[in-house]
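As stored in my_file_34.cif (mmCIF, C-alpha atoms):
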data_final
loop_
_atom_site.label_atom_id
_atom_site.label_comp_id
_atom_site.auth_asym_id
_atom_site.auth_seq_id
_atom_site.Cartn_x
_atom_site.Cartn_y
_atom_site.Cartn_z
CA MET A 1 -23.91 115.74 -40.18
CA ARG A 2 -26.01 113.22 -42.07
CA ARG A 3 -26.99 110.02 -40.35
CA LEU A 4 -24.46 107.28 -41.12
CA PRO A 5 -25.63 103.83 -42.25
CA PRO A 6 -24.89 100.87 -39.96
CA LEU A 7 -21.26 100.16 -40.91
CA ARG A 8 -21.32 96.53 -39.76
CA ALA A 9 -24.36 95.96 -41.93
CA LEU A 10 -22.57 97.58 -44.87
CA GLU A 11 -19.58 95.32 -44.28
CA ALA A 12 -21.83 92.26 -44.26
CA PHE A 13 -23.53 93.37 -47.47
CA ILE A 14 -20.25 94.00 -49.29
CA ARG A 15 -18.84 90.63 -48.26
CA VAL A 16 -21.90 88.72 -49.40
CA VAL A 17 -21.72 90.38 -52.82
CA ARG A 18 -17.97 89.91 -53.25
CA LEU A 19 -17.85 86.34 -52.00
CA GLY A 20 -21.05 85.39 -53.79
CA SER A 21 -22.26 83.42 -50.80
CA ALA A 22 -24.02 84.37 -47.56
CA ARG A 23 -22.55 81.30 -45.88
CA SER A 24 -19.00 82.27 -46.87
CA ALA A 25 -19.58 85.86 -45.74
CA ALA A 26 -20.90 84.68 -42.37
CA THR A 27 -17.86 82.45 -41.91
CA GLU A 28 -15.48 85.29 -42.80
CA LEU A 29 -17.17 87.64 -40.32
CA GLY A 30 -17.47 85.01 -37.59
CA LEU A 31 -21.26 85.29 -37.59
CA SER A 32 -24.09 82.80 -37.60
CA PRO A 33 -26.23 82.82 -40.78
CA SER A 34 -29.11 84.33 -38.81
CA ALA A 35 -26.89 87.12 -37.44
CA LEU A 36 -25.68 87.93 -40.94
CA SER A 37 -29.26 87.98 -42.21
CA ARG A 38 -30.22 90.42 -39.44
CA ARG A 39 -27.44 92.79 -40.45
CA ILE A 40 -28.60 92.72 -44.06
CA SER A 41 -32.19 93.31 -42.93
CA ASN A 42 -31.03 96.32 -40.89
CA LEU A 43 -29.37 97.78 -43.97
CA GLU A 44 -32.49 97.17 -46.06
CA SER A 45 -34.56 98.94 -43.41
CA PHE A 46 -32.14 101.86 -43.38
CA THR A 47 -32.07 102.24 -47.18
CA GLY A 48 -35.69 101.31 -47.86
CA ARG A 49 -34.48 98.95 -50.59
CA LYS A 50 -34.79 95.21 -51.05
CA LEU A 51 -31.14 94.33 -51.61
CA PHE A 52 -31.51 90.54 -51.74
CA SER A 53 -34.24 88.09 -52.60
CA ARG A 54 -34.35 85.14 -50.21
CA SER A 55 -35.25 81.53 -50.77
CA GLY A 56 -34.47 79.29 -47.81
CA GLN A 57 -30.77 79.79 -47.05
CA THR A 58 -30.07 81.33 -50.49
CA MET A 59 -29.70 85.09 -50.95
CA ARG A 60 -29.67 86.53 -54.47
CA LEU A 61 -28.72 90.11 -55.23
CA THR A 62 -31.63 92.12 -56.66
CA ASP A 63 -31.30 94.80 -59.31
CA GLU A 64 -31.67 97.40 -56.55
CA GLY A 65 -28.97 95.61 -54.60
CA ARG A 66 -26.60 95.66 -57.57
CA LEU A 67 -27.13 99.39 -58.09
CA PHE A 68 -26.59 100.00 -54.38
CA TYR A 69 -23.35 97.97 -54.40
CA GLU A 70 -21.99 99.80 -57.44
CA ALA A 71 -22.77 103.14 -55.84
CA VAL A 72 -21.43 102.39 -52.36
CA ALA A 73 -18.48 99.98 -52.75
CA PRO A 74 -16.07 102.53 -54.33
CA HIS A 75 -16.75 105.00 -51.52
CA LEU A 76 -16.06 102.40 -48.85
CA GLU A 77 -12.76 101.60 -50.53
CA ALA A 78 -11.94 105.32 -50.71
CA LEU A 79 -12.80 105.68 -47.02
CA ALA A 80 -10.47 102.80 -46.11
CA ALA A 81 -7.71 104.31 -48.25
CA SER A 82 -8.17 107.72 -46.62
CA VAL A 83 -7.97 106.28 -43.13
CA GLU A 84 -4.92 104.28 -44.18
CA SER A 85 -3.15 107.36 -45.53
CA GLN A 86 -3.69 109.24 -42.25
CA SER A 87 -2.65 106.40 -39.96
CA GLU A 88 0.99 106.59 -38.94
CA ASN A 89 0.86 103.28 -37.12
CA LEU A 90 -0.27 101.18 -40.08
CA GLN A 91 2.46 98.89 -41.35
CA LEU A 92 3.31 98.18 -44.95
CA MET A 93 0.96 95.82 -46.75
CA ARG A 94 2.60 93.01 -48.67
CA LEU A 95 1.17 90.86 -51.46
CA ARG A 96 2.86 87.66 -52.60
CA LEU A 97 1.94 87.66 -56.29
CA GLY A 98 2.69 85.00 -58.88
CA VAL A 99 3.00 86.39 -62.41
CA MET A 100 3.83 84.83 -65.75
CA PRO A 101 6.99 86.61 -67.01
CA LEU A 102 5.59 87.84 -70.33
CA PHE A 103 2.48 89.29 -68.68
CA GLY A 104 4.70 90.98 -66.12
CA THR A 105 7.01 92.46 -68.75
CA GLN A 106 4.38 93.52 -71.28
CA ARG A 107 1.38 94.44 -69.16
CA LEU A 108 1.96 94.65 -65.43
CA PHE A 109 5.25 96.45 -64.88
CA PRO A 110 4.55 99.33 -67.29
CA ARG A 111 1.57 100.25 -65.07
CA LEU A 112 2.87 99.45 -61.56
CA GLY A 113 3.80 103.08 -60.98
CA GLU A 114 0.09 103.93 -60.98
CA LEU A 115 -0.55 101.35 -58.27
CA ARG A 116 2.32 102.61 -56.12
CA GLU A 117 1.09 106.20 -56.45
CA ARG A 118 -2.43 105.25 -55.36
CA HIS A 119 -1.38 102.83 -52.62
CA PRO A 120 2.16 103.63 -51.45
CA ARG A 121 1.91 101.21 -48.50
CA LEU A 122 1.26 98.21 -50.76
CA HIS A 123 4.40 96.29 -51.74
CA LEU A 124 4.60 93.26 -54.02
CA ASP A 125 6.75 90.16 -53.74
CA ILE A 126 6.85 88.90 -57.34
CA ASP A 127 7.21 85.20 -58.14
CA THR A 128 7.58 84.07 -61.77
CA GLY A 129 8.12 80.40 -60.98
CA SER A 130 6.18 77.45 -62.33
CA HIS A 131 2.87 75.95 -61.17
CA LEU A 132 1.54 79.29 -59.95
CA THR A 133 -2.07 78.20 -59.45
CA GLY A 134 -1.06 75.23 -57.33
CA ARG A 135 0.81 77.51 -54.94
CA VAL A 136 -2.02 79.99 -54.40
CA GLY A 137 -2.99 79.89 -50.75
CA ASP A 138 0.39 78.44 -49.80
CA THR A 139 3.44 80.43 -50.91
CA LEU A 140 1.34 82.87 -52.95
CA ASP A 141 -1.57 85.12 -52.00
CA ALA A 142 -2.71 85.46 -55.61
CA ALA A 143 -1.53 84.82 -59.16
CA ILE A 144 -1.96 86.00 -62.73
CA THR A 145 -1.83 82.90 -64.85
CA LEU A 146 -2.62 81.65 -68.34
CA THR A 147 -5.28 78.95 -68.22
CA THR A 148 -8.54 77.71 -69.69
CA SER A 149 -10.41 78.36 -66.44
CA PRO A 150 -9.51 78.85 -62.77
CA ALA A 151 -8.95 75.75 -60.66
CA GLU A 152 -11.93 74.44 -58.73
CA GLY A 153 -12.31 76.15 -55.39
CA LEU A 154 -10.48 79.34 -56.39
CA TYR A 155 -11.91 82.75 -57.13
CA GLY A 156 -10.99 83.87 -60.66
CA ILE A 157 -11.62 86.81 -62.93
CA GLN A 158 -10.80 86.66 -66.63
CA LEU A 159 -8.53 89.49 -67.78
CA ASP A 160 -8.67 89.05 -71.55
CA GLN A 161 -9.71 86.89 -74.52
CA ASN A 162 -7.19 86.34 -77.28
CA THR A 163 -6.71 84.72 -80.64
CA ILE A 164 -3.86 82.39 -81.51
CA HIS A 165 -1.37 83.15 -84.23
CA ALA A 166 1.59 81.39 -85.75
CA ILE A 167 4.43 83.90 -85.50
CA GLY A 168 7.70 83.75 -87.36
CA ASN A 169 10.72 85.63 -88.54
CA THR A 170 9.67 88.08 -91.29
CA ASP A 171 11.88 86.33 -93.85
CA LEU A 172 10.31 82.95 -93.07
CA VAL A 173 6.80 84.41 -93.18
CA ALA A 174 7.49 85.91 -96.62
CA LYS A 175 8.92 82.58 -97.84
CA LEU A 176 5.89 80.54 -96.70
CA GLY A 177 3.45 82.94 -98.34
CA ASP A 178 -0.18 83.83 -97.63
CA GLN A 179 -1.77 80.37 -97.78
CA PRO A 180 -1.07 77.32 -95.56
CA ASP A 181 0.99 74.69 -97.36
CA ALA A 182 1.12 71.40 -95.42
CA ALA A 183 4.18 70.18 -97.30
CA ALA A 184 6.14 73.35 -96.48
CA LEU A 185 4.95 73.48 -92.86
CA LYS A 186 5.97 69.86 -92.26
CA LYS A 187 9.57 70.95 -92.70
CA GLN A 188 9.34 73.57 -89.96
CA THR A 189 10.01 73.54 -86.21
CA PHE A 190 7.15 74.81 -84.06
CA LEU A 191 7.74 76.52 -80.72
CA ILE A 192 5.11 75.75 -78.05
CA HIS A 193 4.70 77.27 -74.58
CA THR A 194 4.49 74.58 -71.90
CA ASP A 195 1.43 76.34 -70.43
CA MET A 196 -0.38 76.43 -73.82
CA PRO A 197 -0.32 72.82 -75.09
CA LEU A 198 -3.82 73.07 -76.60
CA GLY A 199 -2.96 76.12 -78.67
CA PHE A 200 -1.13 74.28 -81.43
CA GLU A 201 -3.94 71.77 -81.93
CA ALA A 202 -6.54 74.55 -82.05
CA TRP A 203 -4.46 76.37 -84.67
CA LYS A 204 -4.02 73.22 -86.80
CA VAL A 205 -7.75 72.47 -86.73
CA ALA A 206 -8.63 76.02 -87.78
CA MET A 207 -6.11 75.82 -90.63
CA GLY A 208 -7.35 72.44 -91.82
CA LEU A 209 -4.00 70.89 -90.95
CA GLN A 210 -5.12 68.35 -88.34
CA LYS A 211 -2.84 65.62 -89.70
CA MET A 212 0.18 67.83 -90.21
CA GLN A 213 3.21 66.70 -88.18
CA PRO A 214 6.07 69.21 -88.18
CA ALA A 215 9.74 68.31 -88.30
CA ALA A 216 10.01 69.11 -84.58
CA ILE A 217 8.20 70.72 -81.66
CA ASP A 218 10.33 72.62 -79.16
CA HIS A 219 8.85 73.51 -75.77
CA TYR A 220 9.59 76.66 -73.79
CA ASP A 221 8.42 77.82 -70.37
CA SER A 222 8.99 81.49 -71.23
CA GLY A 223 6.89 83.48 -73.68
CA GLN A 224 9.64 86.06 -74.11
CA LEU A 225 12.17 83.37 -75.06
CA ILE A 226 9.75 81.83 -77.55
CA LEU A 227 9.33 85.17 -79.30
CA GLU A 228 13.09 85.73 -79.34
CA ALA A 229 13.66 82.24 -80.73
CA ALA A 230 11.12 82.89 -83.47
CA ALA A 231 12.76 86.24 -84.25
CA GLN A 232 16.10 84.45 -84.58
CA GLY A 233 14.59 82.02 -87.10
CA MET A 234 14.59 79.04 -84.74
CA GLY A 235 11.00 78.11 -85.55
CA ILE A 236 7.35 79.17 -85.70
CA ALA A 237 5.90 80.31 -82.37
CA ILE A 238 2.29 79.57 -81.47
CA MET A 239 1.34 82.55 -79.31
CA HIS A 240 -1.44 85.07 -78.71
CA ASP A 241 -2.04 88.06 -80.95
CA ASP A 242 -1.65 90.24 -77.88
CA HIS A 243 1.84 88.87 -77.24
CA LEU A 244 2.92 89.87 -80.75
CA ALA A 245 1.25 93.28 -80.69
CA ARG A 246 2.74 94.28 -77.35
CA ASN A 247 6.19 92.92 -78.23
CA LYS A 248 6.54 95.38 -81.15
CA ASP A 249 9.48 93.48 -82.62
CA PRO A 250 10.00 94.38 -86.31
CA ARG A 251 11.68 91.00 -86.84
CA LEU A 252 8.39 89.16 -86.21
CA ALA A 253 5.19 88.84 -88.22
CA PRO A 254 2.04 86.68 -88.07
CA LEU A 255 1.83 83.73 -90.43
CA PHE A 256 -1.41 83.58 -92.47
CA ASP A 257 -4.30 85.98 -91.95
CA LYS A 258 -6.76 83.88 -89.93
CA ARG A 259 -8.20 84.47 -86.46
CA VAL A 260 -8.21 81.39 -84.24
CA GLU A 261 -9.91 81.65 -80.85
CA SER A 262 -7.53 80.67 -78.07
CA PRO A 263 -8.48 78.09 -75.43
CA TYR A 264 -6.45 80.20 -72.98
CA SER A 265 -6.87 83.53 -71.24
CA TYR A 266 -5.05 85.38 -68.51
CA TRP A 267 -6.85 85.05 -65.17
CA PHE A 268 -6.35 86.62 -61.77
CA VAL A 269 -6.86 83.90 -59.14
CA CYS A 270 -6.85 83.72 -55.36
CA ARG A 271 -8.68 81.88 -52.61
CA HIS A 272 -12.18 83.18 -51.93
CA ALA A 273 -11.26 83.85 -48.31
CA ASP A 274 -8.17 85.84 -49.32
CA LEU A 275 -10.13 88.14 -51.60
CA GLU A 276 -11.16 90.14 -48.54
CA ALA A 277 -7.57 90.53 -47.33
CA ARG A 278 -6.75 94.18 -47.93
CA PRO A 279 -3.59 93.70 -50.08
CA VAL A 280 -5.38 91.21 -52.34
CA ARG A 281 -8.51 93.35 -52.61
CA ILE A 282 -6.55 96.53 -53.42
CA PHE A 283 -4.54 94.80 -56.13
CA HIS A 284 -7.58 92.98 -57.55
CA ASP A 285 -9.67 96.15 -57.82
CA TRP A 286 -6.81 98.14 -59.35
CA LEU A 287 -6.02 95.37 -61.84
CA VAL A 288 -9.63 95.12 -63.03
CA LYS A 289 -10.09 98.88 -63.25
CA ALA A 290 -6.76 99.36 -65.06
CA GLY A 291 -7.88 96.91 -67.75
CA LEU A 292 -4.57 95.11 -67.93
#
What would the structure in this file look like if it were written as structure tokens?
Amino acid sequence: MRRLPPLRALEAFIRVVRLGSARSAATELGLSPSALSRRISNLESFTGRKLFSRSGQTMRLTDEGRLFYEAVAPHLEALAASVESQSENLQLMRLRLGVMPLFGTQRLFPRLGELRERHPRLHLDIDTGSHLTGRVGDTLDAAITLTTSPAEGLYGIQLDQNTIHAIGNTDLVAKLGDQPDAAALKKQTFLIHTDMPLGFEAWKVAMGLQKMQPAAIDHYDSGQLILEAAAQGMGIAIMHDDHLARNKDPRLAPLFDKRVESPYSYWFVCRHADLEARPVRIFHDWLVKAGL
């Protein structure tokens, strides 16, 4: 049998990379900074590679360290999963996940079967309530939310980058034509998601309609209901191109052929400390790899 690397040193290395901070990794492992540094040094001696460059208390991952992490991390996760699958005494893992309803309907739930097949012990408690980010670390372990950037102090990974479109009933879209007409648009009702207040202003600026004030603005806290309202002719929805494409509703069509970069993206967020909790880590890694 080949000589195994020092597993505690590997754990220290992985945590430093994932948390992005030697101090945070030392705290998570209950080690002093010097003890953590010794573990990393032991791993460097074992591998013959310089994994980090050091300047005072700062440790920066080297190119060799990045290659080593990319080669080793998946195998450590596979090892943990293998041990888990053979352990009768391990209890179910549970993740309290906040999800925006439209993301859940269009992107998450169609793929959850893959997650269950890979990790049958992981179970999700789904919360689609409001103020998801503010509840992370309290009633939620993690959340998938629509925002401009993750809140300060939270770990976040961006899941997409979208463009904004005005979306309407196909009859209304045909009536308004191919070019923006401020006089015609002033007579319309616009439908705005409460979590995307900047979207409408970004769209107006891109269209050269900064001063345009519509007949009314109706606010919704559900993306699915906004799209249904637009399909029913209740107004013009300001939503992402991805929302329209995944909805596949023949009653809806984009208004005007212009790409407008959205201020918002979907983000996965959790506390830095919780990223190393096994349920959060499993879901995070699957989510990123699945490309949802």
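Across the structure, atom CA of A:Met100 and atom CA of A:Leu225 are spaced 12.6 Å apart.
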d(atom CA of A:Pro197, atom CA of A:Ile217) in Å: 11.0 Å
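Note that atom CA of A:Met196 and atom CA of A:Leu108 are 20.2 Å apart.
Minimum atom-to-atom distances from A:His284, A:Gln232, A:Ala202, A:Ala142 to A:Arg251 were compared using all atoms listed in the file, and the lowest value belongs to A:Gln232.
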A:Ala12 environment, 10 Å, only C-alpha atoms, sequence neighbours closer than 2 positions dropped, as a PyMOL selection string: chain A and resi 7-10+14-17+22+25-26+28-29+31+35-40+43
Shell around A:Gly235 at 12 Å using all atoms listed in the file, local window under 6 positions removed, as a PyMOL selection string: chain A and resi 166-173+185-192+214-220+225-229+252+255
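Using all atoms listed in the file, the nearest neighbour of A:Val269 within the list A:Gly156, A:Gly177, A:Gly199, A:Pro6 is A:Gly156.
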Near-stretch 61-77 of chain A list (12 Å; only C-alpha atoms; drop same-chain fewer than 3 positions) as an NGL selection string: :A and (5 or 7 or 10-22 or 40 or 43-44 or 47-55 or 58 or 80-84 or 118-119 or 276 or 278 or 281-282 or 285-286 or 289)
Selection result of the PyMOL selection byres ((chain A and resi 144) around 8) on this file, as a ChimeraX atom specification: /A:97-100,142-143,145-146,266-269
Produce a file of the selected residues containing C-alpha atoms, as an mmCIF file, keeping the file's coordinate frame.
data_model
loop_
_atom_site.group_PDB
_atom_site.id
_atom_site.type_symbol
_atom_site.label_atom_id
_atom_site.label_comp_id
_atom_site.auth_asym_id
_atom_site.auth_seq_id
_atom_site.Cartn_x
_atom_site.Cartn_y
_atom_site.Cartn_z
ATOM 1 C CA LEU A 97 1.940 87.660 -56.290
ATOM 2 C CA GLY A 98 2.690 85.000 -58.880
ATOM 3 C CA VAL A 99 3.000 86.390 -62.410
ATOM 4 C CA MET A 100 3.830 84.830 -65.750
ATOM 5 C CA ALA A 142 -2.710 85.460 -55.610
ATOM 6 C CA ALA A 143 -1.530 84.820 -59.160
ATOM 7 C CA THR A 145 -1.830 82.900 -64.850
ATOM 8 C CA LEU A 146 -2.620 81.650 -68.340
ATOM 9 C CA TYR A 266 -5.050 85.380 -68.510
ATOM 10 C CA TRP A 267 -6.850 85.050 -65.170
ATOM 11 C CA PHE A 268 -6.350 86.620 -61.770
ATOM 12 C CA VAL A 269 -6.860 83.900 -59.140
#
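Using all atoms listed in the file, the shortest contact distance between A:Trp203 and any of A:Asp181, A:Glu152, A:Asp221, A:Glu261 is found at A:Glu261.
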Stretch 164-179 of chain A, all listed atoms, 3 Å padding on each side: what axis-aligned box centre and edge lengths in Å to one decimal come out, as lines of an AutoDock Vina configuration file?
center_x = 4.0
center_y = 84.2
center_z = -89.9
size_x = 21.7
size_y = 13.7
size_z = 22.8
Protein/DNA/RNA residues near (-4.4, 74.7, -89.4), cut 10 Å, all atoms listed in the file, as a ChimeraX atom specification: /A:166,180-182,200-212,256,258,260
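Counting only C-alpha atoms and comparing A:His272, A:His165, A:Arg135, A:Arg107, the residue that lies closest to A:Arg246 is A:Arg107.
The shortest atom-to-atom distance to A:Ile126, with all atoms listed in the file taken into account, belongs to A:Pro101 out of A:Pro110, A:Pro250, A:Pro33, A:Pro101.
Checking A:His193, A:Arg94, A:Arg60, A:Lys248 one by one against A:Thr147, counting only C-alpha atoms, you find the shortest gap at A:His193.
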Close residues, A:Arg111 itself excluded, 10 Å, only C-alpha atoms, min 6 positions apart in chain, as a PyMOL selection string: chain A and resi 104+287+290+292
